[in-house]
>>> print(open('entry_22.txt').read())   # compact mmCIF, C-alpha atoms
# COMPACT_ATOMS: atom_id res chain seq x y z
CA MET A 1 34.31 0.57 14.76
CA LEU A 2 34.56 -3.04 13.64
CA SER A 3 35.80 -4.20 17.04
CA GLN A 4 32.90 -2.46 18.75
CA ILE A 5 30.43 -4.18 16.47
CA LEU A 6 32.11 -7.54 16.94
CA TYR A 7 31.98 -6.96 20.68
CA ALA A 8 28.24 -6.27 20.44
CA LEU A 9 27.47 -9.33 18.32
CA PRO A 10 26.45 -11.69 21.15
CA PHE A 11 24.09 -9.02 22.49
CA LEU A 12 22.58 -8.55 19.03
CA ALA A 13 22.23 -12.32 18.70
CA GLU A 14 20.17 -12.38 21.91
CA GLY A 15 17.95 -9.66 20.49
CA PHE A 16 17.63 -11.59 17.25
CA ALA A 17 16.52 -14.66 19.23
CA VAL A 18 13.75 -12.56 20.82
CA THR A 19 12.70 -11.32 17.37
CA LEU A 20 12.46 -14.89 16.12
CA TRP A 21 10.62 -16.05 19.25
CA VAL A 22 8.04 -13.23 19.03
CA SER A 23 7.57 -13.88 15.30
CA LEU A 24 7.16 -17.61 15.83
CA LEU A 25 4.58 -17.15 18.60
CA VAL A 26 2.63 -14.64 16.54
CA VAL A 27 2.71 -16.80 13.43
CA VAL A 28 1.57 -19.98 15.19
CA LEU A 29 -1.11 -18.37 17.38
CA SER A 30 -2.52 -16.29 14.52
CA LEU A 31 -2.58 -19.33 12.25
CA ILE A 32 -4.76 -21.25 14.71
CA ALA A 33 -7.06 -18.32 15.50
CA GLY A 34 -7.16 -17.12 11.89
CA VAL A 35 -8.08 -20.49 10.38
CA LEU A 36 -10.84 -21.03 12.95
CA LEU A 37 -12.27 -17.55 12.45
CA GLY A 38 -11.77 -17.75 8.68
CA VAL A 39 -13.76 -20.97 8.44
CA GLY A 40 -16.35 -19.32 10.69
CA LEU A 41 -16.48 -16.38 8.31
CA VAL A 42 -17.16 -18.61 5.30
CA TYR A 43 -19.39 -21.32 6.76
CA GLY A 44 -20.56 -19.99 10.13
CA PRO A 45 -24.02 -18.73 11.09
CA ALA A 46 -24.81 -15.10 10.31
CA PRO A 47 -23.99 -13.59 13.75
CA LEU A 48 -20.56 -15.25 13.75
CA ARG A 49 -19.92 -14.10 10.19
CA TRP A 50 -20.75 -10.50 11.11
CA ALA A 51 -18.61 -10.64 14.24
CA VAL A 52 -15.58 -11.94 12.31
CA ARG A 53 -16.15 -9.43 9.50
CA ILE A 54 -16.28 -6.51 11.98
CA PHE A 55 -13.22 -7.83 13.84
CA SER A 56 -11.21 -8.23 10.66
CA ASP A 57 -12.20 -4.91 9.08
CA THR A 58 -11.57 -2.99 12.29
CA ILE A 59 -8.18 -4.51 12.98
CA ARG A 60 -7.02 -4.13 9.39
CA GLY A 61 -8.25 -0.55 9.33
CA ILE A 62 -6.01 0.78 12.09
CA PRO A 63 -2.23 1.05 12.31
CA ILE A 64 -0.61 -1.87 14.10
CA LEU A 65 1.15 0.63 16.37
CA VAL A 66 -2.16 2.03 17.64
CA LEU A 67 -3.41 -1.48 18.31
CA MET A 68 -0.22 -2.23 20.22
CA PHE A 69 -0.45 0.86 22.42
CA PHE A 70 -4.15 0.21 22.98
CA VAL A 71 -3.46 -3.31 24.23
CA TYR A 72 -0.30 -2.40 26.15
CA TYR A 73 -1.59 0.68 27.98
CA GLY A 74 -5.30 -0.08 27.84
CA LEU A 75 -5.42 -3.56 29.40
CA PRO A 76 -3.84 -2.53 32.75
CA ALA A 77 -6.24 0.42 32.87
CA VAL A 78 -9.19 -1.98 32.86
CA GLY A 79 -7.52 -4.30 35.36
CA VAL A 80 -5.92 -6.91 33.10
CA HIS A 81 -2.22 -7.21 33.86
CA LEU A 82 -0.03 -8.88 31.28
CA GLN A 83 3.75 -8.81 31.04
CA SER A 84 4.79 -6.39 28.34
CA PHE A 85 6.13 -9.29 26.30
CA TRP A 86 2.74 -11.00 26.23
CA ALA A 87 0.86 -7.77 25.65
CA ALA A 88 3.03 -7.20 22.59
CA VAL A 89 2.52 -10.78 21.37
CA LEU A 90 -1.24 -10.44 21.91
CA ALA A 91 -1.43 -7.22 19.88
CA LEU A 92 0.66 -8.58 17.02
CA THR A 93 -1.34 -11.81 17.04
CA LEU A 94 -4.66 -9.96 16.83
CA PHE A 95 -3.32 -8.04 13.86
CA LYS A 96 -1.98 -11.11 12.08
CA THR A 97 -5.14 -13.10 12.80
CA ALA A 98 -7.18 -10.61 10.79
CA GLN A 99 -4.82 -11.17 7.85
CA VAL A 100 -5.00 -14.95 8.13
CA VAL A 101 -8.81 -14.72 8.16
CA GLU A 102 -8.66 -12.97 4.80
CA TYR A 103 -6.21 -15.51 3.34
CA VAL A 104 -8.56 -18.33 4.38
CA ARG A 105 -11.60 -16.55 2.96
CA GLY A 106 -9.77 -15.86 -0.30
CA ALA A 107 -8.49 -19.41 -0.59
CA VAL A 108 -11.89 -21.01 -0.03
CA ALA A 109 -13.61 -18.53 -2.35
CA SER A 110 -11.11 -19.37 -5.11
CA ILE A 111 -12.27 -22.98 -5.30
CA PRO A 112 -14.74 -23.26 -8.17
CA LYS A 113 -18.35 -23.85 -7.15
CA GLY A 114 -18.45 -26.92 -9.39
CA GLN A 115 -16.14 -28.70 -6.94
CA SER A 116 -18.58 -28.63 -4.05
CA GLU A 117 -21.51 -29.28 -6.38
CA ALA A 118 -19.76 -32.36 -7.74
CA ALA A 119 -19.00 -33.49 -4.18
CA MET A 120 -22.66 -32.98 -3.29
CA ALA A 121 -23.72 -34.95 -6.37
CA ILE A 122 -21.71 -38.01 -5.34
CA GLY A 123 -23.37 -37.86 -1.92
CA LEU A 124 -20.65 -36.52 0.36
CA THR A 125 -21.81 -34.96 3.61
CA PHE A 126 -21.00 -31.33 4.41
CA ARG A 127 -18.10 -32.41 6.57
CA GLN A 128 -16.69 -34.76 3.94
CA ARG A 129 -17.00 -32.05 1.32
CA LEU A 130 -14.92 -29.73 3.46
CA THR A 131 -12.23 -32.16 4.54
CA SER A 132 -11.87 -34.17 1.32
CA VAL A 133 -12.66 -31.67 -1.41
CA ILE A 134 -12.53 -28.01 -0.42
CA PHE A 135 -9.75 -27.81 2.19
CA PRO A 136 -7.10 -29.84 0.34
CA GLN A 137 -7.47 -27.53 -2.65
CA ALA A 138 -7.88 -24.33 -0.66
CA PHE A 139 -4.73 -25.21 1.30
CA ARG A 140 -2.60 -24.82 -1.81
CA ARG A 141 -4.09 -21.42 -2.47
CA PHE A 142 -3.63 -20.41 1.15
CA LEU A 143 -0.01 -21.43 1.61
CA PRO A 144 1.93 -19.05 -0.68
CA PRO A 145 0.33 -15.78 0.51
CA TRP A 146 0.49 -17.02 4.09
CA ILE A 147 4.21 -17.74 3.94
CA ASN A 148 4.71 -14.40 2.28
CA GLY A 149 2.73 -12.86 5.14
CA VAL A 150 5.13 -14.38 7.66
CA THR A 151 7.57 -11.68 6.56
CA ASP A 152 5.02 -9.12 7.79
CA ALA A 153 5.08 -10.79 11.20
CA VAL A 154 8.89 -10.62 11.33
CA LYS A 155 8.85 -6.97 10.24
CA GLY A 156 5.99 -6.14 12.61
CA SER A 157 7.86 -7.70 15.51
CA ALA A 158 10.32 -4.78 15.35
CA LEU A 159 7.58 -2.64 16.90
CA VAL A 160 7.85 -4.50 20.22
CA SER A 161 11.05 -2.51 20.74
CA LEU A 162 8.77 0.45 21.53
CA LEU A 163 7.40 -1.41 24.55
CA GLY A 164 10.87 -1.85 26.03
CA ILE A 165 11.36 -5.43 24.85
CA THR A 166 14.93 -6.12 23.77
CA ASP A 167 14.40 -7.60 20.35
CA LEU A 168 16.85 -7.12 17.48
CA MET A 169 15.60 -3.57 16.81
CA GLN A 170 15.94 -2.54 20.44
CA ALA A 171 19.33 -4.27 20.79
CA ILE A 172 20.60 -2.27 17.81
CA ASN A 173 19.32 0.99 19.31
CA GLN A 174 21.00 0.17 22.62
CA VAL A 175 24.33 -0.62 21.00
CA ILE A 176 24.09 2.64 19.06
CA GLY A 177 23.36 4.43 22.33
CA ARG A 178 26.72 3.22 23.66
CA THR A 179 28.91 3.30 20.55
CA TYR A 180 27.38 6.09 18.41
CA GLU A 181 27.98 3.91 15.34
CA ALA A 182 24.47 4.53 14.01
CA MET A 183 24.88 3.87 10.30
CA PRO A 184 26.88 0.61 10.38
CA LEU A 185 24.58 -0.89 12.98
CA TYR A 186 21.34 0.08 11.25
CA ILE A 187 22.70 -1.38 8.04
CA LEU A 188 23.74 -4.55 9.83
CA GLY A 189 20.25 -4.79 11.34
CA ALA A 190 18.62 -4.20 7.97
CA LEU A 191 20.72 -6.97 6.43
CA ILE A 192 19.71 -9.43 9.16
CA TYR A 193 15.99 -8.69 8.71
CA PHE A 194 16.48 -8.81 4.96
CA ALA A 195 18.14 -12.23 5.06
CA VAL A 196 15.31 -13.78 7.07
CA ASN A 197 12.49 -12.21 5.08
CA TYR A 198 14.04 -12.72 1.68
CA ALA A 199 14.39 -16.42 2.41
CA LEU A 200 10.71 -16.54 3.38
CA SER A 201 9.46 -14.67 0.33
CA TYR A 202 11.67 -16.82 -1.89
CA ALA A 203 10.07 -19.94 -0.41
CA SER A 204 6.65 -18.43 -1.00
CA ARG A 205 7.39 -17.78 -4.67
CA ARG A 206 8.72 -21.31 -5.15
CA LEU A 207 5.57 -22.77 -3.64
CA GLU A 208 3.34 -20.54 -5.71
CA ARG A 209 4.99 -21.82 -8.87
CA ARG A 210 4.65 -25.39 -7.66
CA PHE A 211 0.96 -25.01 -6.97
CA ALA A 212 0.28 -23.04 -10.14
CA PHE A 213 -1.29 -26.07 -11.82
CA ILE A 214 -4.62 -25.44 -10.08
CA ARG A 215 -6.88 -23.57 -12.42
CA ASP A 216 -10.37 -22.20 -12.10
CA MET B 1 -12.50 -3.43 36.73
CA GLY B 2 -14.05 -0.17 37.89
CA TYR B 3 -12.92 1.86 34.87
CA THR B 4 -15.30 4.70 34.10
CA LEU B 5 -15.18 6.19 30.65
CA ASN B 6 -14.72 9.94 30.68
CA PHE B 7 -14.13 11.67 27.38
CA ASN B 8 -13.95 15.26 28.69
CA LEU B 9 -10.16 15.40 28.70
CA ILE B 10 -10.05 13.94 25.21
CA TRP B 11 -12.27 16.69 23.83
CA ARG B 12 -10.23 19.31 25.66
CA HIS B 13 -7.09 18.12 23.85
CA PHE B 14 -8.85 17.13 20.66
CA ASP B 15 -6.75 19.61 18.64
CA LYS B 16 -3.78 17.26 19.18
CA LEU B 17 -5.70 14.45 17.48
CA TRP B 18 -7.29 16.56 14.76
CA GLY B 19 -4.03 18.32 13.90
CA GLY B 20 -2.33 14.93 14.02
CA LEU B 21 -4.82 13.42 11.59
CA LEU B 22 -4.30 16.26 9.12
CA LEU B 23 -0.53 15.84 9.39
CA SER B 24 -0.87 12.06 8.85
CA LEU B 25 -2.83 12.69 5.68
CA GLU B 26 -0.33 15.30 4.53
CA LEU B 27 2.60 12.93 5.11
CA ALA B 28 0.81 10.17 3.20
CA VAL B 29 -0.13 12.41 0.26
CA ILE B 30 3.34 13.91 -0.18
CA SER B 31 4.99 10.51 0.19
CA ILE B 32 2.79 8.75 -2.33
CA ALA B 33 3.23 11.62 -4.79
CA ILE B 34 7.01 11.24 -4.63
CA GLY B 35 6.64 7.46 -4.48
CA ILE B 36 4.59 7.48 -7.69
CA VAL B 37 7.32 9.42 -9.49
CA ILE B 38 10.00 7.00 -8.23
CA GLY B 39 7.83 4.00 -9.10
CA LEU B 40 6.91 5.21 -12.58
CA VAL B 41 10.44 6.17 -13.60
CA LEU B 42 11.96 2.93 -12.33
CA ALA B 43 9.18 0.73 -13.74
CA VAL B 44 9.44 2.25 -17.23
CA TRP B 45 13.21 2.03 -17.01
CA TYR B 46 13.03 -1.57 -15.78
CA VAL B 47 10.91 -2.92 -18.63
CA SER B 48 13.29 -1.53 -21.25
CA ALA B 49 16.61 -1.88 -19.41
CA GLY B 50 19.42 -4.39 -19.59
CA ARG B 51 20.29 -6.96 -17.00
CA VAL B 52 22.45 -4.77 -14.74
CA VAL B 53 19.88 -1.99 -14.31
CA ARG B 54 17.18 -4.58 -13.72
CA ALA B 55 19.24 -6.21 -11.00
CA ILE B 56 19.83 -2.87 -9.29
CA ILE B 57 16.14 -1.92 -9.37
CA ALA B 58 15.16 -5.38 -8.15
CA ALA B 59 17.69 -5.11 -5.31
CA TYR B 60 16.16 -1.78 -4.22
CA VAL B 61 12.65 -3.24 -4.29
CA GLU B 62 13.58 -6.42 -2.43
CA PHE B 63 15.64 -4.58 0.18
CA ILE B 64 12.85 -2.13 1.09
CA ARG B 65 10.15 -4.80 1.12
CA ASN B 66 12.04 -7.08 3.46
CA VAL B 67 13.15 -4.59 6.12
CA PRO B 68 10.87 -3.21 8.86
CA LEU B 69 9.68 0.34 8.15
CA ILE B 70 10.61 1.44 11.67
CA LEU B 71 14.24 0.49 11.01
CA LEU B 72 14.25 2.49 7.79
CA VAL B 73 12.79 5.46 9.67
CA TYR B 74 15.57 5.26 12.29
CA LEU B 75 18.21 4.72 9.62
CA VAL B 76 17.25 7.83 7.70
CA PHE B 77 16.67 10.02 10.75
CA TYR B 78 19.53 8.96 13.05
CA GLY B 79 21.90 7.10 10.75
CA LEU B 80 22.07 8.98 7.47
CA PRO B 81 23.06 12.41 8.91
CA THR B 82 26.15 10.79 10.48
CA VAL B 83 27.57 9.87 7.06
CA VAL B 84 26.26 12.59 4.75
CA ASP B 85 26.34 16.30 5.45
CA LEU B 86 22.60 16.86 5.56
CA ALA B 87 20.31 18.39 8.13
CA TYR B 88 16.58 17.81 7.96
CA SER B 89 13.62 17.98 10.29
CA ALA B 90 11.85 14.87 11.54
CA PRO B 91 8.82 15.31 9.22
CA THR B 92 11.10 15.79 6.19
CA SER B 93 13.11 12.75 7.20
CA PHE B 94 9.94 10.70 7.51
CA VAL B 95 8.56 11.86 4.15
CA LEU B 96 11.89 10.94 2.58
CA THR B 97 11.71 7.46 4.13
CA LEU B 98 8.08 6.84 3.27
CA SER B 99 8.60 8.04 -0.32
CA VAL B 100 11.49 5.65 -0.89
CA TYR B 101 9.46 2.94 0.86
CA SER B 102 6.30 3.46 -1.21
CA GLY B 103 8.42 3.84 -4.35
CA ALA B 104 9.65 0.27 -3.91
CA TYR B 105 6.11 -1.09 -3.66
CA LEU B 106 4.91 1.03 -6.57
CA VAL B 107 7.72 -0.10 -8.91
CA GLU B 108 6.24 -3.58 -8.61
CA VAL B 109 2.68 -2.32 -9.11
CA PHE B 110 3.58 -0.29 -12.20
CA ARG B 111 5.86 -2.93 -13.65
CA SER B 112 3.15 -5.58 -13.61
CA GLY B 113 0.70 -2.95 -14.88
CA LEU B 114 2.93 -2.15 -17.84
CA GLU B 115 3.15 -5.83 -18.68
CA ALA B 116 -0.63 -6.16 -18.49
CA VAL B 117 -1.22 -3.59 -21.24
CA PRO B 118 -2.61 -5.63 -24.14
CA ARG B 119 -0.06 -6.18 -26.90
CA GLY B 120 -2.66 -5.24 -29.51
CA GLN B 121 -2.84 -1.67 -28.21
CA LEU B 122 0.89 -1.17 -28.67
CA ASP B 123 0.77 -2.71 -32.13
CA ALA B 124 -2.14 -0.44 -33.00
CA GLY B 125 -0.09 2.53 -31.82
CA LYS B 126 2.76 1.41 -34.03
CA ALA B 127 0.40 0.89 -36.96
CA ILE B 128 -0.86 4.47 -36.87
CA GLY B 129 2.73 5.68 -36.88
CA LEU B 130 3.33 6.75 -33.27
CA THR B 131 6.95 7.02 -32.16
CA PRO B 132 8.05 4.81 -29.23
CA TRP B 133 7.87 7.85 -26.93
CA GLN B 134 4.33 8.69 -28.13
CA ARG B 135 3.30 5.06 -27.66
CA LEU B 136 4.54 5.22 -24.08
CA ILE B 137 2.85 8.53 -23.22
CA HIS B 138 -0.42 8.16 -25.12
CA VAL B 139 -1.01 4.40 -25.11
CA ARG B 140 0.94 2.46 -22.56
CA LEU B 141 0.93 4.76 -19.52
CA PRO B 142 -2.78 5.74 -19.60
CA THR B 143 -3.88 2.10 -19.89
CA MET B 144 -1.38 1.03 -17.24
CA LEU B 145 -2.64 3.70 -14.83
CA ARG B 146 -6.21 2.49 -15.24
CA ILE B 147 -5.15 -1.09 -14.61
CA THR B 148 -3.12 -0.19 -11.53
CA LEU B 149 -5.61 2.23 -9.97
CA PRO B 150 -6.99 -0.27 -7.41
CA ALA B 151 -3.48 -1.25 -6.29
CA LEU B 152 -2.59 2.43 -6.12
CA SER B 153 -5.47 3.25 -3.79
CA ASN B 154 -4.64 0.27 -1.58
CA THR B 155 -1.05 1.46 -1.35
CA PHE B 156 -2.21 4.95 -0.41
CA ILE B 157 -4.46 3.71 2.38
CA SER B 158 -1.77 1.48 3.75
CA LEU B 159 0.68 4.41 3.65
CA PHE B 160 -1.83 6.49 5.59
CA LYS B 161 -1.73 3.83 8.31
CA ASP B 162 2.07 3.59 8.09
CA THR B 163 2.36 7.28 8.97
CA SER B 164 1.75 6.21 12.57
CA ILE B 165 5.39 5.04 12.61
CA ALA B 166 6.41 8.71 12.34
CA SER B 167 5.54 9.02 16.04
CA VAL B 168 8.79 7.18 16.92
CA ILE B 169 10.79 10.19 15.75
CA SER B 170 8.33 12.61 17.43
CA VAL B 171 6.50 13.79 14.32
CA PRO B 172 3.24 15.10 15.83
CA GLU B 173 0.86 13.03 13.70
CA LEU B 174 -2.24 11.22 14.97
CA THR B 175 -0.56 8.37 16.87
CA TYR B 176 1.82 10.84 18.50
CA GLY B 177 -1.14 12.97 19.56
CA ALA B 178 -2.80 9.88 21.04
CA GLN B 179 0.32 9.02 23.01
CA TRP B 180 0.62 12.61 24.24
CA ILE B 181 -2.93 12.49 25.61
CA ASN B 182 -2.29 8.98 26.98
CA PHE B 183 0.74 10.11 28.99
CA ASN B 184 -0.63 13.50 30.05
CA THR B 185 -4.22 12.70 31.01
CA PHE B 186 -4.16 8.91 31.58
CA ARG B 187 -7.56 8.64 29.85
CA ILE B 188 -6.00 5.67 28.08
CA VAL B 189 -8.98 3.67 26.89
CA GLU B 190 -10.83 6.78 25.75
CA VAL B 191 -7.98 8.24 23.75
CA TYR B 192 -7.30 5.00 21.88
CA LEU B 193 -11.01 4.47 21.24
CA VAL B 194 -11.24 7.93 19.68
CA THR B 195 -7.99 7.46 17.76
CA THR B 196 -9.13 4.08 16.44
CA ALA B 197 -12.40 5.63 15.31
CA MET B 198 -10.53 8.44 13.57
CA TYR B 199 -8.24 6.05 11.69
CA LEU B 200 -11.17 3.83 10.71
CA LEU B 201 -13.41 6.68 9.56
CA THR B 202 -10.64 8.32 7.55
CA GLY B 203 -9.40 5.05 6.09
CA TYR B 204 -12.80 3.79 4.99
CA THR B 205 -13.86 7.21 3.68
CA LEU B 206 -10.71 7.25 1.56
CA LEU B 207 -11.37 3.69 0.41
CA PHE B 208 -14.94 4.51 -0.55
CA ALA B 209 -13.92 7.68 -2.41
CA LEU B 210 -11.09 5.95 -4.24
CA ARG B 211 -13.37 3.07 -5.29
CA LEU B 212 -15.70 5.66 -6.87
CA VAL B 213 -12.75 7.11 -8.78
CA GLU B 214 -11.74 3.59 -9.86
CA ARG B 215 -15.20 2.87 -11.17
CA ARG B 216 -15.07 6.07 -13.22
CA PHE B 217 -11.71 5.17 -14.78
CA ARG B 218 -11.99 1.41 -14.98
CA ALA B 219 -9.94 -0.07 -17.82
CA ALA B 220 -11.97 -1.45 -20.68
CA ARG B 221 -11.30 -5.18 -20.97
>>> encode(input="entry_22.txt", output="structure tokens")
Amino acid sequence: MLSQILYALPFLAEGFAVTLWVSLLVVVLSLIAGVLLGVGLVYGPAPLRWAVRIFSDTIRGIPILVLMFFVYYGLPAVGVHLQSFWAAVLALTLFKTAQVVEYVRGAVASIPKGQSEAAMAIGLTFRQRLTSVIFPQAFRRFLPPWINGVTDAVKGSALVSLLGITDLMQAINQVIGRTYEAMPLYILGALIYFAVNYALSYASRRLERRFAFIRD
Amino acid sequence: MGYTLNFNLIWRHFDKLWGGLLLSLELAVISIAIGIVIGLVLAVWYVSAGRVVRAIIAAYVEFIRNVPLILLVYLVFYGLPTVVDLAYSAPTSFVLTLSVYSGAYLVEVFRSGLEAVPRGQLDAGKAIGLTPWQRLIHVRLPTMLRITLPALSNTFISLFKDTSIASVISVPELTYGAQWINFNTFRIVEVYLVTTAMYLLTGYTLLFALRLVERRFRAAR
């Protein structure tokens, strides 16, 4: 049993690299899209606000798996051909973007109104108020939940295995298919995911404590 | 492009989606019911326990929260029967997984709820001569439940969405029904549009209903 698992380790490591690569892409792309849309949701004109609100509420209201199948099987049906890898990344990114939008909204909303009023009183322009007053403070509120949410991206990435992408989850299933050592391999897989995510949530808690000095 | 929407085949197989939706709800309800029991027992135990028990409960919570649900589903369905002498159907296996999964989230919810019960209420309970057990049942738990109600409804709605993972072990819930229609009729866009609408309608109806319940039972502050 042990020798079989040791033999499979390099293969599992390749799968793990795919898991990390998918997670990284999703995290970075959703951060960019989510911050832009989130700022649009708070400060944008009404039509943009409604569009972002509908996008976010729709995406967060359906299971990530349904979104993934929709993108994966639906896009080719309407003539858009993406590699399965990129279809999976697109679906996960859409999902994560909706979360980031809410983190941004929550972070900006948590800054007391007095802050922007004071900034207005000393004559700062709208842009200066955002970049010098609101965003630096909102950033500290945004960071801990966002880092914690990175664990969701890592966990969610396991779903790409259903689209035939050999990530860690799929690599484990394939090794089990050959060795029939289901329990040891699932436990090994669980421990790997646990190690990555626990480190991330630990970092999030540390940051939260560090930024706890901001009060309403 | 040239894709023409045609919903006829979806309506012809709509029983797959409707039956699937009902099964999704059933899975979510049973799982959260068991999860609430797990969460309550462990949370009450945690707040009064020594260091070792606390560490074990915390390990359970952290383990479940940091591992993908799909892996837990596989582990219980394909892995567990190879080491213990148990035979169970896919739906039972999934309910087992989702209960243990929701239990871990609810321990945290209930634990912080228990700590949020105002000290004065417990002291008042003591002052009128209630035993520790009576204080728990008549003072601490009712107030805690009111405080945690919003978190409880959020957990339920997110479990309802998580039931879609049951499709990977062929439990015929809503997502499985959608895939069946996808593969058998190729009305891909239509079936996922209808499925999305069904998840959204159900989810937001539940949310709305649960918010009404919350308003009725809101904790006095």
>>> atom_distance(input="entry_22.txt", atom1="atom CA of A:Val27", atom2="atom CA of A:Val150")
6.7 Å
>>> interface_residues(input="entry_22.txt", of="chain B", to="chain A", cutoff="6 Å", atoms="all atoms listed in the file", output="short mmCIF file (atom, residue, chain, number, x, y, z; two decimals) with C-alpha atoms, keeping the file's coordinate frame")
data_model
loop_
_atom_site.label_atom_id
_atom_site.label_comp_id
_atom_site.auth_asym_id
_atom_site.auth_seq_id
_atom_site.Cartn_x
_atom_site.Cartn_y
_atom_site.Cartn_z
CA MET B 1 -12.50 -3.43 36.73
CA TYR B 3 -12.92 1.86 34.87
CA ASN B 66 12.04 -7.08 3.46
CA VAL B 67 13.15 -4.59 6.12
CA PRO B 68 10.87 -3.21 8.86
CA LEU B 75 18.21 4.72 9.62
CA GLY B 79 21.90 7.10 10.75
CA LYS B 161 -1.73 3.83 8.31
CA ILE B 188 -6.00 5.67 28.08
CA VAL B 189 -8.98 3.67 26.89
CA TYR B 192 -7.30 5.00 21.88
CA TYR B 199 -8.24 6.05 11.69
CA LEU B 200 -11.17 3.83 10.71
#
>>> atom_distance(input="entry_22.txt", atom1="atom CA of B:Glu62", atom2="atom CA of B:Pro81")
23.9 Å
>>> residues_around(input="entry_22.txt", residues="stretch 109-111 of chain A", least_positions_apart="6", cutoff="8 Å", atoms="all atoms listed in the file", output="list in words")
Ile134, Gln137, Ala138, Arg141 and Asp216 of chain A
>>> residues_around(input="entry_22.txt", residues="stretch 205-209 of chain A", least_positions_apart="2", cutoff="12 Å", atoms="only C-alpha atoms", output="mmCIF file with C-alpha atoms, in the coordinates of the input")
data_model
loop_
_atom_site.group_PDB
_atom_site.id
_atom_site.type_symbol
_atom_site.label_atom_id
_atom_site.label_comp_id
_atom_site.auth_asym_id
_atom_site.auth_seq_id
_atom_site.Cartn_x
_atom_site.Cartn_y
_atom_site.Cartn_z
ATOM 1 C CA PHE A 139 -4.730 -25.210 1.300
ATOM 2 C CA ARG A 140 -2.600 -24.820 -1.810
ATOM 3 C CA ARG A 141 -4.090 -21.420 -2.470
ATOM 4 C CA PHE A 142 -3.630 -20.410 1.150
ATOM 5 C CA LEU A 143 -0.010 -21.430 1.610
ATOM 6 C CA PRO A 144 1.930 -19.050 -0.680
ATOM 7 C CA PRO A 145 0.330 -15.780 0.510
ATOM 8 C CA TRP A 146 0.490 -17.020 4.090
ATOM 9 C CA ILE A 147 4.210 -17.740 3.940
ATOM 10 C CA ASN A 148 4.710 -14.400 2.280
ATOM 11 C CA GLY A 149 2.730 -12.860 5.140
ATOM 12 C CA TYR A 198 14.040 -12.720 1.680
ATOM 13 C CA ALA A 199 14.390 -16.420 2.410
ATOM 14 C CA LEU A 200 10.710 -16.540 3.380
ATOM 15 C CA SER A 201 9.460 -14.670 0.330
ATOM 16 C CA TYR A 202 11.670 -16.820 -1.890
ATOM 17 C CA ALA A 203 10.070 -19.940 -0.410
ATOM 18 C CA PHE A 211 0.960 -25.010 -6.970
ATOM 19 C CA ALA A 212 0.280 -23.040 -10.140
ATOM 20 C CA PHE A 213 -1.290 -26.070 -11.820
ATOM 21 C CA ILE A 214 -4.620 -25.440 -10.080
#
>>> axis_aligned_box(input="entry_22.txt", around="stretch 23-34 of chain A", padding_each_side="4 Å", output="lines of an AutoDock Vina configuration file")
center_x = 0.2
center_y = -17.6
center_z = 15.2
size_x = 22.7
size_y = 15.4
size_z = 14.7
>>> residues_around(input="entry_22.txt", residues="B:Arg215", least_positions_apart="6", cutoff="12 Å", atoms="all atoms listed in the file", output="list in words")
Arg146, Ile147, Leu149, Pro150, Phe208 and Ala209 of chain B
>>> atom_distance(input="entry_22.txt", atom1="atom CA of A:Leu20", atom2="atom CA of B:Ile165")
21.4 Å
>>> closest_residue(input="entry_22.txt", among="A:Gln174, A:Glu102, A:Leu31, A:Arg210", to="A:Ala8", atoms="all atoms listed in the file")
A:Gln174
>>> residues_around(input="entry_22.txt", residues="B:Leu174", least_positions_apart="4", cutoff="6 Å", atoms="all atoms listed in the file", output="ChimeraX atom specification")
/B:17,20-21
>>> write_last_selection(input="entry_22.txt", atoms="C-alpha atoms", output="short mmCIF file (atom, residue, chain, number, x, y, z; two decimals), in the coordinates of the input")
data_model
loop_
_atom_site.label_atom_id
_atom_site.label_comp_id
_atom_site.auth_asym_id
_atom_site.auth_seq_id
_atom_site.Cartn_x
_atom_site.Cartn_y
_atom_site.Cartn_z
CA LEU B 17 -5.70 14.45 17.48
CA GLY B 20 -2.33 14.93 14.02
CA LEU B 21 -4.82 13.42 11.59
#
>>> residues_near_point(input="entry_22.txt", point="(4.3, 7.0, -4.6)", cutoff="6 Å", atoms="only C-alpha atoms", output="list in words")
Ser31, Ile32, Ala33, Ile34, Gly35, Ile36, Ser102 and Gly103 of chain B
>>> residues_around(input="entry_22.txt", residues="B:Leu114", least_positions_apart="5", cutoff="10 Å", atoms="all atoms listed in the file", output="PyMOL selection string")
chain B and resi 40+43-44+47+108-109+136+140-145+147-148
